[in-house]
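Asker: Input final-v2.pdb, format and content: PDB, C-alpha atoms.
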```pdb
ATOM      1  CA  MET G  21      -0.547   2.098  22.339  1.00  0.00           C
ATOM      2  CA  ARG G  22       0.856   3.754  19.216  1.00  0.00           C
ATOM      3  CA  LYS G  23      -1.125   3.224  16.043  1.00  0.00           C
ATOM      4  CA  PHE G  24      -0.455   3.054  12.324  1.00  0.00           C
ATOM      5  CA  ILE G  25      -2.426   2.926   9.080  1.00  0.00           C
ATOM      6  CA  LEU G  26      -1.468   0.780   6.112  1.00  0.00           C
ATOM      7  CA  SER G  27      -1.991   2.149   2.651  1.00  0.00           C
ATOM      8  CA  THR G  28      -3.558  -0.872   1.057  1.00  0.00           C
ATOM      9  CA  LEU G  29      -4.659   0.736  -2.194  1.00  0.00           C
ATOM     10  CA  ALA G  30      -1.213   2.139  -2.898  1.00  0.00           C
ATOM     11  CA  ALA G  31       0.155  -1.344  -2.421  1.00  0.00           C
ATOM     12  CA  THR G  32      -2.418  -2.738  -4.844  1.00  0.00           C
ATOM     13  CA  ALA G  33      -1.378  -0.226  -7.487  1.00  0.00           C
ATOM     14  CA  PHE G  34       2.238  -1.266  -7.032  1.00  0.00           C
ATOM     15  CA  ALA G  35       1.339  -4.892  -7.725  1.00  0.00           C
ATOM     16  CA  ILE G  36       0.901  -3.941 -11.404  1.00  0.00           C
ATOM     17  CA  SER G  37       4.424  -2.558 -11.421  1.00  0.00           C
ATOM     18  CA  VAL G  38       5.687  -5.750  -9.792  1.00  0.00           C
ATOM     19  CA  LEU G  39       4.299  -7.835 -12.637  1.00  0.00           C
ATOM     20  CA  ALA G  40       5.774  -5.535 -15.283  1.00  0.00           C
ATOM     21  CA  GLN G  41       9.270  -5.090 -13.857  1.00  0.00           C
ATOM     22  CA  SER G  42       9.709  -7.834 -11.210  1.00  0.00           C
ATOM     23  CA  PRO G  43      11.587  -5.655  -8.693  1.00  0.00           C
ATOM     24  CA  GLN G  44      12.657  -7.230  -5.412  1.00  0.00           C
ATOM     25  CA  GLY G  45      10.497  -5.153  -3.112  1.00  0.00           C
ATOM     26  CA  PHE G  46       7.035  -3.771  -2.468  1.00  0.00           C
ATOM     27  CA  LYS G  47       5.636  -0.474  -1.231  1.00  0.00           C
ATOM     28  CA  TYR G  48       4.481   0.081   2.327  1.00  0.00           C
ATOM     29  CA  GLN G  49       2.951   3.191   3.923  1.00  0.00           C
ATOM     30  CA  ALA G  50       2.280   3.952   7.579  1.00  0.00           C
ATOM     31  CA  VAL G  51       0.820   6.925   9.420  1.00  0.00           C
ATOM     32  CA  ILE G  52       2.799   7.425  12.637  1.00  0.00           C
ATOM     33  CA  ARG G  53       0.982   8.613  15.761  1.00  0.00           C
ATOM     34  CA  ASP G  54       1.934   9.113  19.387  1.00  0.00           C
ATOM     35  CA  ALA G  55       0.304   7.348  22.336  1.00  0.00           C
ATOM     36  CA  ALA G  56      -2.500   9.938  22.375  1.00  0.00           C
ATOM     37  CA  GLY G  57      -3.332   9.308  18.716  1.00  0.00           C
ATOM     38  CA  ASN G  58      -1.812  12.558  17.459  1.00  0.00           C
ATOM     39  CA  ILE G  59      -0.167  12.409  14.035  1.00  0.00           C
ATOM     40  CA  LEU G  60       3.599  12.921  14.187  1.00  0.00           C
ATOM     41  CA  ASN G  61       4.255  15.051  11.132  1.00  0.00           C
ATOM     42  CA  ASN G  62       7.698  16.137   9.902  1.00  0.00           C
ATOM     43  CA  GLN G  63       9.395  14.046  12.567  1.00  0.00           C
ATOM     44  CA  ALA G  64      12.398  11.726  12.349  1.00  0.00           C
ATOM     45  CA  VAL G  65      11.461   8.126  13.194  1.00  0.00           C
ATOM     46  CA  GLY G  66      13.163   4.740  13.135  1.00  0.00           C
ATOM     47  CA  MET G  67      11.317   1.653  11.901  1.00  0.00           C
ATOM     48  CA  GLN G  68      12.010  -2.073  12.072  1.00  0.00           C
ATOM     49  CA  MET G  69      10.094  -4.351   9.685  1.00  0.00           C
ATOM     50  CA  THR G  70       9.977  -8.103  10.271  1.00  0.00           C
ATOM     51  CA  ILE G  71       8.482 -10.696   7.894  1.00  0.00           C
ATOM     52  CA  GLN G  72       7.179 -13.734   9.760  1.00  0.00           C
ATOM     53  CA  GLN G  73       6.142 -17.065   8.273  1.00  0.00           C
ATOM     54  CA  GLY G  74       3.146 -19.191   9.233  1.00  0.00           C
ATOM     55  CA  SER G  75       1.433 -17.005  11.829  1.00  0.00           C
ATOM     56  CA  ILE G  76       1.687 -13.810  13.844  1.00  0.00           C
ATOM     57  CA  GLY G  77       4.833 -14.246  15.926  1.00  0.00           C
ATOM     58  CA  GLY G  78       5.953 -17.085  13.655  1.00  0.00           C
ATOM     59  CA  THR G  79       9.423 -17.769  12.283  1.00  0.00           C
ATOM     60  CA  THR G  80      11.299 -14.599  11.340  1.00  0.00           C
ATOM     61  CA  ILE G  81      12.594 -15.058   7.801  1.00  0.00           C
ATOM     62  CA  TYR G  82      13.570 -11.458   7.065  1.00  0.00           C
ATOM     63  CA  GLN G  83      14.167  -8.313   9.112  1.00  0.00           C
ATOM     64  CA  GLU G  84      15.335  -4.830   8.133  1.00  0.00           C
ATOM     65  CA  THR G  85      15.383  -1.294   9.509  1.00  0.00           C
ATOM     66  CA  PHE G  86      14.670   2.152   8.098  1.00  0.00           C
ATOM     67  CA  SER G  87      15.219   5.704   9.289  1.00  0.00           C
ATOM     68  CA  GLY G  88      13.491   8.705   7.826  1.00  0.00           C
ATOM     69  CA  THR G  89      11.153  11.627   8.408  1.00  0.00           C
ATOM     70  CA  THR G  90       7.357  11.616   8.229  1.00  0.00           C
ATOM     71  CA  ASN G  91       5.725  14.058   5.821  1.00  0.00           C
ATOM     72  CA  ALA G  92       3.206  16.781   6.614  1.00  0.00           C
ATOM     73  CA  TYR G  93       0.486  14.118   7.029  1.00  0.00           C
ATOM     74  CA  GLY G  94       2.568  11.862   9.281  1.00  0.00           C
ATOM     75  CA  LEU G  95       3.190   9.379   6.462  1.00  0.00           C
ATOM     76  CA  MET G  96       6.266   7.176   6.150  1.00  0.00           C
ATOM     77  CA  ASN G  97       6.801   5.668   2.692  1.00  0.00           C
ATOM     78  CA  LEU G  98       8.966   2.543   2.642  1.00  0.00           C
ATOM     79  CA  GLU G  99      10.008  -0.064   0.105  1.00  0.00           C
ATOM     80  CA  ILE G 100      10.214  -3.392   1.874  1.00  0.00           C
ATOM     81  CA  GLY G 101      13.324  -5.205   0.696  1.00  0.00           C
ATOM     82  CA  SER G 102      15.491  -2.098   0.384  1.00  0.00           C
ATOM     83  CA  GLY G 103      16.241  -1.287   4.039  1.00  0.00           C
ATOM     84  CA  ILE G 104      19.268  -2.087   6.198  1.00  0.00           C
ATOM     85  CA  VAL G 105      19.193  -5.882   6.444  1.00  0.00           C
ATOM     86  CA  ILE G 106      19.339  -7.341   9.961  1.00  0.00           C
ATOM     87  CA  SER G 107      18.680 -10.956   9.027  1.00  0.00           C
ATOM     88  CA  GLY G 108      17.534 -13.054   6.075  1.00  0.00           C
ATOM     89  CA  ASP G 109      17.613 -12.542   2.308  1.00  0.00           C
ATOM     90  CA  PHE G 110      14.554 -10.903   0.735  1.00  0.00           C
ATOM     91  CA  THR G 111      15.373 -12.243  -2.730  1.00  0.00           C
ATOM     92  CA  THR G 112      15.212 -15.883  -1.570  1.00  0.00           C
ATOM     93  CA  ILE G 113      11.805 -15.752   0.143  1.00  0.00           C
ATOM     94  CA  ASP G 114       9.528 -18.452  -1.267  1.00  0.00           C
ATOM     95  CA  TRP G 115       6.274 -16.487  -1.484  1.00  0.00           C
ATOM     96  CA  SER G 116       4.355 -19.664  -2.369  1.00  0.00           C
ATOM     97  CA  ASN G 117       5.113 -21.091   1.074  1.00  0.00           C
ATOM     98  CA  GLY G 118       2.924 -18.728   3.107  1.00  0.00           C
ATOM     99  CA  PRO G 119       1.048 -17.289   4.806  1.00  0.00           C
ATOM    100  CA  TYR G 120       3.385 -14.406   5.641  1.00  0.00           C
ATOM    101  CA  PHE G 121       2.931 -11.585   8.122  1.00  0.00           C
ATOM    102  CA  ILE G 122       4.702  -8.232   8.552  1.00  0.00           C
ATOM    103  CA  GLU G 123       5.464  -6.819  11.996  1.00  0.00           C
ATOM    104  CA  THR G 124       5.971  -3.068  12.356  1.00  0.00           C
ATOM    105  CA  ALA G 125       8.064  -1.629  15.175  1.00  0.00           C
ATOM    106  CA  VAL G 126       8.806   2.092  15.580  1.00  0.00           C
ATOM    107  CA  ASP G 127      11.049   4.387  17.584  1.00  0.00           C
ATOM    108  CA  VAL G 128       9.286   7.771  17.447  1.00  0.00           C
ATOM    109  CA  ALA G 129      12.471   9.418  18.744  1.00  0.00           C
ATOM    110  CA  GLY G 130      14.300   8.430  15.567  1.00  0.00           C
ATOM    111  CA  GLY G 131      16.554   5.849  17.226  1.00  0.00           C
ATOM    112  CA  THR G 132      16.638   2.072  17.477  1.00  0.00           C
ATOM    113  CA  SER G 133      14.620   1.500  20.663  1.00  0.00           C
ATOM    114  CA  TYR G 134      11.739   0.001  18.726  1.00  0.00           C
ATOM    115  CA  SER G 135       8.262  -0.666  20.095  1.00  0.00           C
ATOM    116  CA  VAL G 136       6.057  -3.147  18.247  1.00  0.00           C
ATOM    117  CA  MET G 137       2.964  -1.377  16.868  1.00  0.00           C
ATOM    118  CA  GLY G 138       1.225  -4.296  15.219  1.00  0.00           C
ATOM    119  CA  THR G 139       1.362  -7.236  12.816  1.00  0.00           C
ATOM    120  CA  SER G 140      -0.740  -7.776   9.685  1.00  0.00           C
ATOM    121  CA  GLN G 141      -0.950 -10.487   7.055  1.00  0.00           C
ATOM    122  CA  LEU G 142       0.661  -9.884   3.695  1.00  0.00           C
ATOM    123  CA  MET G 143      -1.898 -10.484   0.998  1.00  0.00           C
ATOM    124  CA  SER G 144      -1.652 -10.236  -2.803  1.00  0.00           C
ATOM    125  CA  VAL G 145       1.173  -7.735  -3.383  1.00  0.00           C
ATOM    126  CA  PRO G 146       4.273  -9.736  -2.398  1.00  0.00           C
ATOM    127  CA  TYR G 147       2.933 -12.864  -4.045  1.00  0.00           C
ATOM    128  CA  ALA G 148       3.268 -11.176  -7.427  1.00  0.00           C
ATOM    129  CA  LEU G 149       7.005 -11.635  -6.819  1.00  0.00           C
ATOM    130  CA  HIS G 150       6.383 -15.369  -7.054  1.00  0.00           C
ATOM    131  CA  ALA G 151       5.996 -14.856 -10.816  1.00  0.00           C
ATOM    132  CA  ASN G 152       9.809 -14.587 -10.940  1.00  0.00           C
ATOM    133  CA  THR G 153      10.024 -18.339 -10.370  1.00  0.00           C
ATOM    134  CA  ALA G 154       7.284 -19.348 -12.810  1.00  0.00           C
ATOM    135  CA  GLU G 155       9.686 -20.076 -15.662  1.00  0.00           C
ATOM    136  CA  ASN G 156      11.419 -22.707 -13.519  1.00  0.00           C
ATOM    137  CA  VAL G 157       8.224 -24.721 -13.083  1.00  0.00           C
ATOM    138  CA  VAL G 158       7.966 -27.693 -15.431  1.00  0.00           C
ATOM    139  CA  ASN G 159       4.287 -28.525 -15.782  1.00  0.00           C
ATOM    140  CA  ASP G 160       3.808 -28.847 -19.551  1.00  0.00           C
ATOM    141  CA  ALA G 161       5.714 -29.134 -22.806  1.00  0.00           C
ATOM    142  CA  VAL G 162       5.587 -25.413 -23.597  1.00  0.00           C
ATOM    143  CA  ASP G 163       8.721 -23.310 -23.147  1.00  0.00           C
ATOM    144  CA  ASP G 164       7.207 -20.133 -21.722  1.00  0.00           C
ATOM    145  CA  ALA G 165      10.495 -18.274 -22.083  1.00  0.00           C
ATOM    146  CA  ASP G 166      10.808 -18.725 -25.846  1.00  0.00           C
ATOM    147  CA  ASN G 167      10.009 -16.255 -28.639  1.00  0.00           C
ATOM    148  CA  ASP G 168       7.224 -18.254 -30.241  1.00  0.00           C
ATOM    149  CA  PRO G 169       4.108 -16.037 -30.419  1.00  0.00           C
ATOM    150  CA  THR G 170       1.837 -19.008 -31.131  1.00  0.00           C
ATOM    151  CA  ASN G 171       1.987 -20.532 -27.655  1.00  0.00           C
ATOM    152  CA  GLU G 172       1.817 -17.530 -25.327  1.00  0.00           C
ATOM    153  CA  ILE G 173       1.127 -13.834 -24.978  1.00  0.00           C
ATOM    154  CA  GLU G 174       4.515 -12.332 -25.757  1.00  0.00           C
ATOM    155  CA  THR G 175       3.987  -8.904 -24.204  1.00  0.00           C
ATOM    156  CA  TRP G 176       1.041  -8.382 -21.861  1.00  0.00           C
ATOM    157  CA  ALA G 177       1.539  -4.606 -22.080  1.00  0.00           C
ATOM    158  CA  THR G 178       0.328  -4.622 -25.702  1.00  0.00           C
ATOM    159  CA  LEU G 179      -3.186  -5.631 -24.637  1.00  0.00           C
ATOM    160  CA  SER G 180      -5.850  -3.061 -25.466  1.00  0.00           C
ATOM    161  CA  GLY G 181      -5.958  -0.206 -22.955  1.00  0.00           C
ATOM    162  CA  ILE G 182      -3.147  -1.500 -20.728  1.00  0.00           C
ATOM    163  CA  PRO G 183      -0.186   0.686 -21.857  1.00  0.00           C
ATOM    164  CA  ASN G 184      -2.028   3.994 -21.513  1.00  0.00           C
ATOM    165  CA  MET G 185      -3.424   3.021 -18.117  1.00  0.00           C
ATOM    166  CA  ILE G 186       0.037   2.141 -16.786  1.00  0.00           C
ATOM    167  CA  LEU G 187       1.762   5.192 -18.268  1.00  0.00           C
ATOM    168  CA  THR G 188      -0.812   7.658 -16.909  1.00  0.00           C
ATOM    169  CA  MET G 189      -1.540   6.082 -13.530  1.00  0.00           C
ATOM    170  CA  GLN G 190      -1.265   8.253 -10.405  1.00  0.00           C
ATOM    171  CA  ASN G 191      -2.167   7.313  -6.837  1.00  0.00           C
ATOM    172  CA  GLY G 192      -2.149   8.829  -3.384  1.00  0.00           C
ATOM    173  CA  GLU G 193      -3.615   8.927   0.087  1.00  0.00           C
ATOM    174  CA  GLN G 194      -5.897  11.738   1.281  1.00  0.00           C
ATOM    175  CA  TYR G 195      -6.260  12.269   5.013  1.00  0.00           C
ATOM    176  CA  VAL G 196      -9.912  12.900   5.928  1.00  0.00           C
ATOM    177  CA  GLY G 197      -9.885  12.820   9.735  1.00  0.00           C
ATOM    178  CA  ALA G 198     -12.918  12.523  11.984  1.00  0.00           C
ATOM    179  CA  SER G 199     -16.384  13.667  10.970  1.00  0.00           C
ATOM    180  CA  GLY G 200     -16.349  16.470  13.542  1.00  0.00           C
ATOM    181  CA  GLY G 201     -19.999  15.977  14.358  1.00  0.00           C
ATOM    182  CA  LEU G 202     -21.103  15.878  10.700  1.00  0.00           C
ATOM    183  CA  GLU G 203     -22.559  12.864   8.920  1.00  0.00           C
ATOM    184  CA  LEU G 204     -20.436  13.391   5.804  1.00  0.00           C
ATOM    185  CA  VAL G 205     -17.220  15.123   4.781  1.00  0.00           C
ATOM    186  CA  ILE G 206     -16.410  16.672   1.392  1.00  0.00           C
ATOM    187  CA  VAL G 207     -12.715  16.666   0.471  1.00  0.00           C
ATOM    188  CA  SER G 208     -10.964  18.114  -2.591  1.00  0.00           C
ATOM    189  CA  VAL G 209      -8.013  16.223  -4.098  1.00  0.00           C
ATOM    190  CA  THR G 210      -5.483  17.715  -6.514  1.00  0.00           C
ATOM    191  CA  PHE G 211      -3.520  15.373  -8.780  1.00  0.00           C
ATOM    192  CA  PRO G 212       0.287  15.635  -8.481  1.00  0.00           C
ATOM    193  CA  THR G 213       0.400  16.062 -12.277  1.00  0.00           C
ATOM    194  CA  SER G 214      -2.424  17.166 -14.577  1.00  0.00           C
ATOM    195  CA  PHE G 215      -3.863  14.562 -16.951  1.00  0.00           C
ATOM    196  CA  ASN G 216      -4.243  15.110 -20.697  1.00  0.00           C
ATOM    197  CA  ALA G 217      -7.816  13.826 -20.527  1.00  0.00           C
ATOM    198  CA  VAL G 218     -10.340  13.384 -17.731  1.00  0.00           C
ATOM    199  CA  PRO G 219      -9.218  10.240 -15.877  1.00  0.00           C
ATOM    200  CA  ARG G 220     -11.095   7.457 -14.189  1.00  0.00           C
ATOM    201  CA  VAL G 221     -10.804   7.542 -10.388  1.00  0.00           C
ATOM    202  CA  LEU G 222     -11.127   4.721  -7.863  1.00  0.00           C
ATOM    203  CA  CYS G 223     -11.221   5.327  -4.098  1.00  0.00           C
ATOM    204  CA  THR G 224     -11.320   3.196  -0.961  1.00  0.00           C
ATOM    205  CA  ALA G 225     -11.565   4.248   2.680  1.00  0.00           C
ATOM    206  CA  ASN G 226      -8.959   3.128   5.233  1.00  0.00           C
ATOM    207  CA  THR G 227     -10.442   2.789   8.707  1.00  0.00           C
ATOM    208  CA  GLU G 228      -8.092   3.406  11.609  1.00  0.00           C
ATOM    209  CA  VAL G 229      -6.066   0.305  12.493  1.00  0.00           C
ATOM    210  CA  GLY G 230      -5.558  -0.620  16.127  1.00  0.00           C
ATOM    211  CA  THR G 231      -8.872   0.707  17.418  1.00  0.00           C
ATOM    212  CA  ILE G 232     -12.194  -0.798  18.469  1.00  0.00           C
ATOM    213  CA  TYR G 233     -14.037   0.865  15.575  1.00  0.00           C
ATOM    214  CA  ASP G 234     -15.927  -1.390  13.188  1.00  0.00           C
ATOM    215  CA  ASP G 235     -17.282   1.169  10.713  1.00  0.00           C
ATOM    216  CA  SER G 236     -17.984   0.949   6.995  1.00  0.00           C
ATOM    217  CA  PHE G 237     -17.737   3.990   4.738  1.00  0.00           C
ATOM    218  CA  ASN G 238     -19.050   5.154   1.364  1.00  0.00           C
ATOM    219  CA  VAL G 239     -16.779   7.245  -0.855  1.00  0.00           C
ATOM    220  CA  THR G 240     -18.583   9.076  -3.670  1.00  0.00           C
ATOM    221  CA  ILE G 241     -16.444  10.611  -6.441  1.00  0.00           C
ATOM    222  CA  ARG G 242     -17.649  13.728  -8.242  1.00  0.00           C
ATOM    223  CA  GLN G 243     -16.442  16.702 -10.318  1.00  0.00           C
ATOM    224  CA  VAL G 244     -13.510  14.819 -11.855  1.00  0.00           C
ATOM    225  CA  THR G 245     -11.306  17.053 -14.029  1.00  0.00           C
ATOM    226  CA  THR G 246      -7.806  16.774 -15.442  1.00  0.00           C
ATOM    227  CA  THR G 247      -6.438  18.463 -12.311  1.00  0.00           C
ATOM    228  CA  GLY G 248      -8.365  16.797  -9.498  1.00  0.00           C
ATOM    229  CA  PHE G 249     -11.701  15.687  -8.061  1.00  0.00           C
ATOM    230  CA  GLU G 250     -13.948  15.844  -5.010  1.00  0.00           C
ATOM    231  CA  MET G 251     -14.902  12.972  -2.753  1.00  0.00           C
ATOM    232  CA  ILE G 252     -17.868  12.748  -0.401  1.00  0.00           C
ATOM    233  CA  VAL G 253     -17.197  10.466   2.578  1.00  0.00           C
ATOM    234  CA  ASN G 254     -19.911   9.219   4.916  1.00  0.00           C
ATOM    235  CA  ARG G 255     -20.469   6.302   7.206  1.00  0.00           C
ATOM    236  CA  VAL G 256     -22.767   3.635   5.720  1.00  0.00           C
ATOM    237  CA  ASP G 257     -25.226   3.851   8.604  1.00  0.00           C
ATOM    238  CA  GLY G 258     -25.407   7.647   8.227  1.00  0.00           C
ATOM    239  CA  SER G 259     -24.080   8.468  11.690  1.00  0.00           C
ATOM    240  CA  ILE G 260     -21.026  10.448  12.776  1.00  0.00           C
ATOM    241  CA  TRP G 261     -17.634   8.838  13.368  1.00  0.00           C
ATOM    242  CA  GLY G 262     -14.768   9.604  15.710  1.00  0.00           C
ATOM    243  CA  GLN G 263     -11.846   7.735  14.148  1.00  0.00           C
ATOM    244  CA  ASN G 264      -9.167   9.295  11.973  1.00  0.00           C
ATOM    245  CA  LEU G 265      -9.970   8.217   8.427  1.00  0.00           C
ATOM    246  CA  SER G 266      -7.899   8.313   5.258  1.00  0.00           C
ATOM    247  CA  VAL G 267      -8.888   7.530   1.662  1.00  0.00           C
ATOM    248  CA  ASN G 268      -6.608   5.971  -0.958  1.00  0.00           C
ATOM    249  CA  TRP G 269      -7.185   6.797  -4.620  1.00  0.00           C
ATOM    250  CA  ILE G 270      -5.975   5.696  -8.058  1.00  0.00           C
ATOM    251  CA  ALA G 271      -6.525   7.726 -11.240  1.00  0.00           C
ATOM    252  CA  PHE G 272      -5.661   6.773 -14.814  1.00  0.00           C
ATOM    253  CA  GLU G 273      -6.608   7.629 -18.363  1.00  0.00           C
ATOM    254  CA  PRO G 274      -8.576   4.792 -20.011  1.00  0.00           C
TER     255      PRO G 274
END
```
Just dump the structure as structure tokens.
Answerer:
Amino acid sequence: MRKFILSTLAATAFAISVLAQSPQGFKYQAVIRDAAGNILNNQAVGMQMTIQQGSIGGTTIYQETFSGTTNAYGLMNLEIGSGIVISGDFTTIDWSNGPYFIETAVDVAGGTSYSVMGTSQLMSVPYALHANTAENVVNDAVDDADNDPTNEIETWATLSGIPNMILTMQNGEQYVGASGGLELVIVSVTFPTSFNAVPRVLCTANTEVGTIYDDSFNVTIRQVTTTGFEMIVNRVDGSIWGQNLSVNWIAFEP
């Protein structure tokens, strides 16, 4: 069965952008592999994304398709809500009426003969879109859309530390792979753009989806500079691992 990896940390970073700009969409990343588990890099693929309500295989409320080419790491970067619409209206989804699930189907030949790769529950990211409807809720006597600074926070971006963090934030996914018989792996990461000051870095490991592995990993960050950092990755129990691992990171100036 073909496998894919969701970039959960990248989606979390985008949730901040959702709150600030309220776009009708959210980021989604997948690593495309063939039936043998080999990454399909620099290859044209077709994808069909389906949002289901209630449960896996539940009512389809939105479906769209994408076509594109994976990058050198086999990654496909999508923005759900901006594809070719097959059914439904993304802008009218009531995110408060969940749970919602997203089904991923892929044609690794770049066509439209899609094979379902898996379904996962949508968690916090899309629900930030529900903030768009908050002003229509009447639950008190305060007009939250007015210009009165005495009854609300007018601009959340003026809070201490927030503007600089948002303006300087960078994020990415670093492919680590299998341990190759070692108990830990050291990986160097280079920022897409150099920072003006040494940033803070957060990392989380993405275990391979669609496998029988049930591993936990430590990611230790060291040697952070304005141009990059090193991460040390090891399994919590200290043993080797055979799955293909990736690590998501976020860096920002405090």
Asker: Check the smallest atom-to-atom distance from each of G:Asn264, G:Thr80, G:Thr89, G:Gln49 to Val65 of chain G using all atoms listed in the file, then report the winner.
Answerer: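 Checking each of G:Asn264, G:Thr80, G:Thr89, G:Gln49 against Val65 of chain G, counting all atoms listed in the file, the winner is G:Thr89.
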Asker: List every protein, DNA or RNA residue that has at least one atom no more than 9 Å from (-4.9, 16.2, -16.1) in the file's coordinates, counting all atoms listed in the file, and write the result as JSON, numbers by chain.
Answerer: {"G": [211, 213, 214, 215, 216, 217, 218, 219, 245, 246, 247, 248]}
Asker: Within 8 Å of Met69 of chain G, counting all atoms listed in the file, which residues qualify if same-chain residues fewer than 6 places away don't, as number ranges by chain?
Answerer: G: 83-85, 100, 122-125
Asker: Using all atoms listed in the file for the distances, tell me which of G:Thr210, G:Asn238, G:Asn268, G:Gln141 is nearest to Gly74 of chain G.
Answerer: G:Gln141
Asker: Do you know which residues the PyMOL selection byres ((chain G and resi 258) around 10) returns on this file, as a list in words?
Answerer: Leu202, Glu203, Leu204, Phe237, Asn238, Asn254, Arg255, Val256, Asp257, Ser259, Ile260 and Trp261 of chain G
Asker: Quote the spacing between atom CA of Ser102 of chain G and atom CA of Ile71 of chain G in Å to one decimal place.
Answerer: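 Answer for the atom CA of Ser102 of chain G to atom CA of Ile71 of chain G separation: 13.4 Å.
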Asker: Starting from the PyMOL selection byres ((chain G and resi 99) around 10), expand the selection into actual residues of this file and give them as a short mmCIF file (atom, residue, chain, number, x, y, z; two decimals) with C-alpha atoms, keeping the file's coordinate frame.
Answerer:
```
data_model
loop_
_atom_site.label_atom_id
_atom_site.label_comp_id
_atom_site.auth_asym_id
_atom_site.auth_seq_id
_atom_site.Cartn_x
_atom_site.Cartn_y
_atom_site.Cartn_z
CA GLN G 44 12.66 -7.23 -5.41
CA GLY G 45 10.50 -5.15 -3.11
CA PHE G 46 7.04 -3.77 -2.47
CA LYS G 47 5.64 -0.47 -1.23
CA TYR G 48 4.48 0.08 2.33
CA GLN G 49 2.95 3.19 3.92
CA PHE G 86 14.67 2.15 8.10
CA ASN G 97 6.80 5.67 2.69
CA LEU G 98 8.97 2.54 2.64
CA ILE G 100 10.21 -3.39 1.87
CA GLY G 101 13.32 -5.20 0.70
CA SER G 102 15.49 -2.10 0.38
CA GLY G 103 16.24 -1.29 4.04
#
```
Asker: One decimal, in Å: what's the spacing between atom CA of Ile106 of chain G and atom CA of Ile52 of chain G?
Answerer: 22.3 Å
Asker: Between G:Ile113, G:Ala129, G:Met137, G:Ala92, which residue has the minimum interatomic distance to Gln68 of chain G, considering all atoms listed in the file?
Answerer: G:Met137
Asker: Enter the distance from atom CA of Asn191 of chain G to atom CA of Pro212 of chain G, in Å, rounded to one decimal.
Answerer: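 Computing the Euclidean distance for atom CA of Asn191 of chain G and atom CA of Pro212 of chain G yields 8.8 Å.
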Asker: Considering all atoms listed in the file, can you say which of G:Val196, G:Ile186, G:Val105, G:Met67 comes closest to Gly262 of chain G?
Answerer: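 Using all atoms listed in the file, the shortest distance to Gly262 of chain G belongs to G:Val196.
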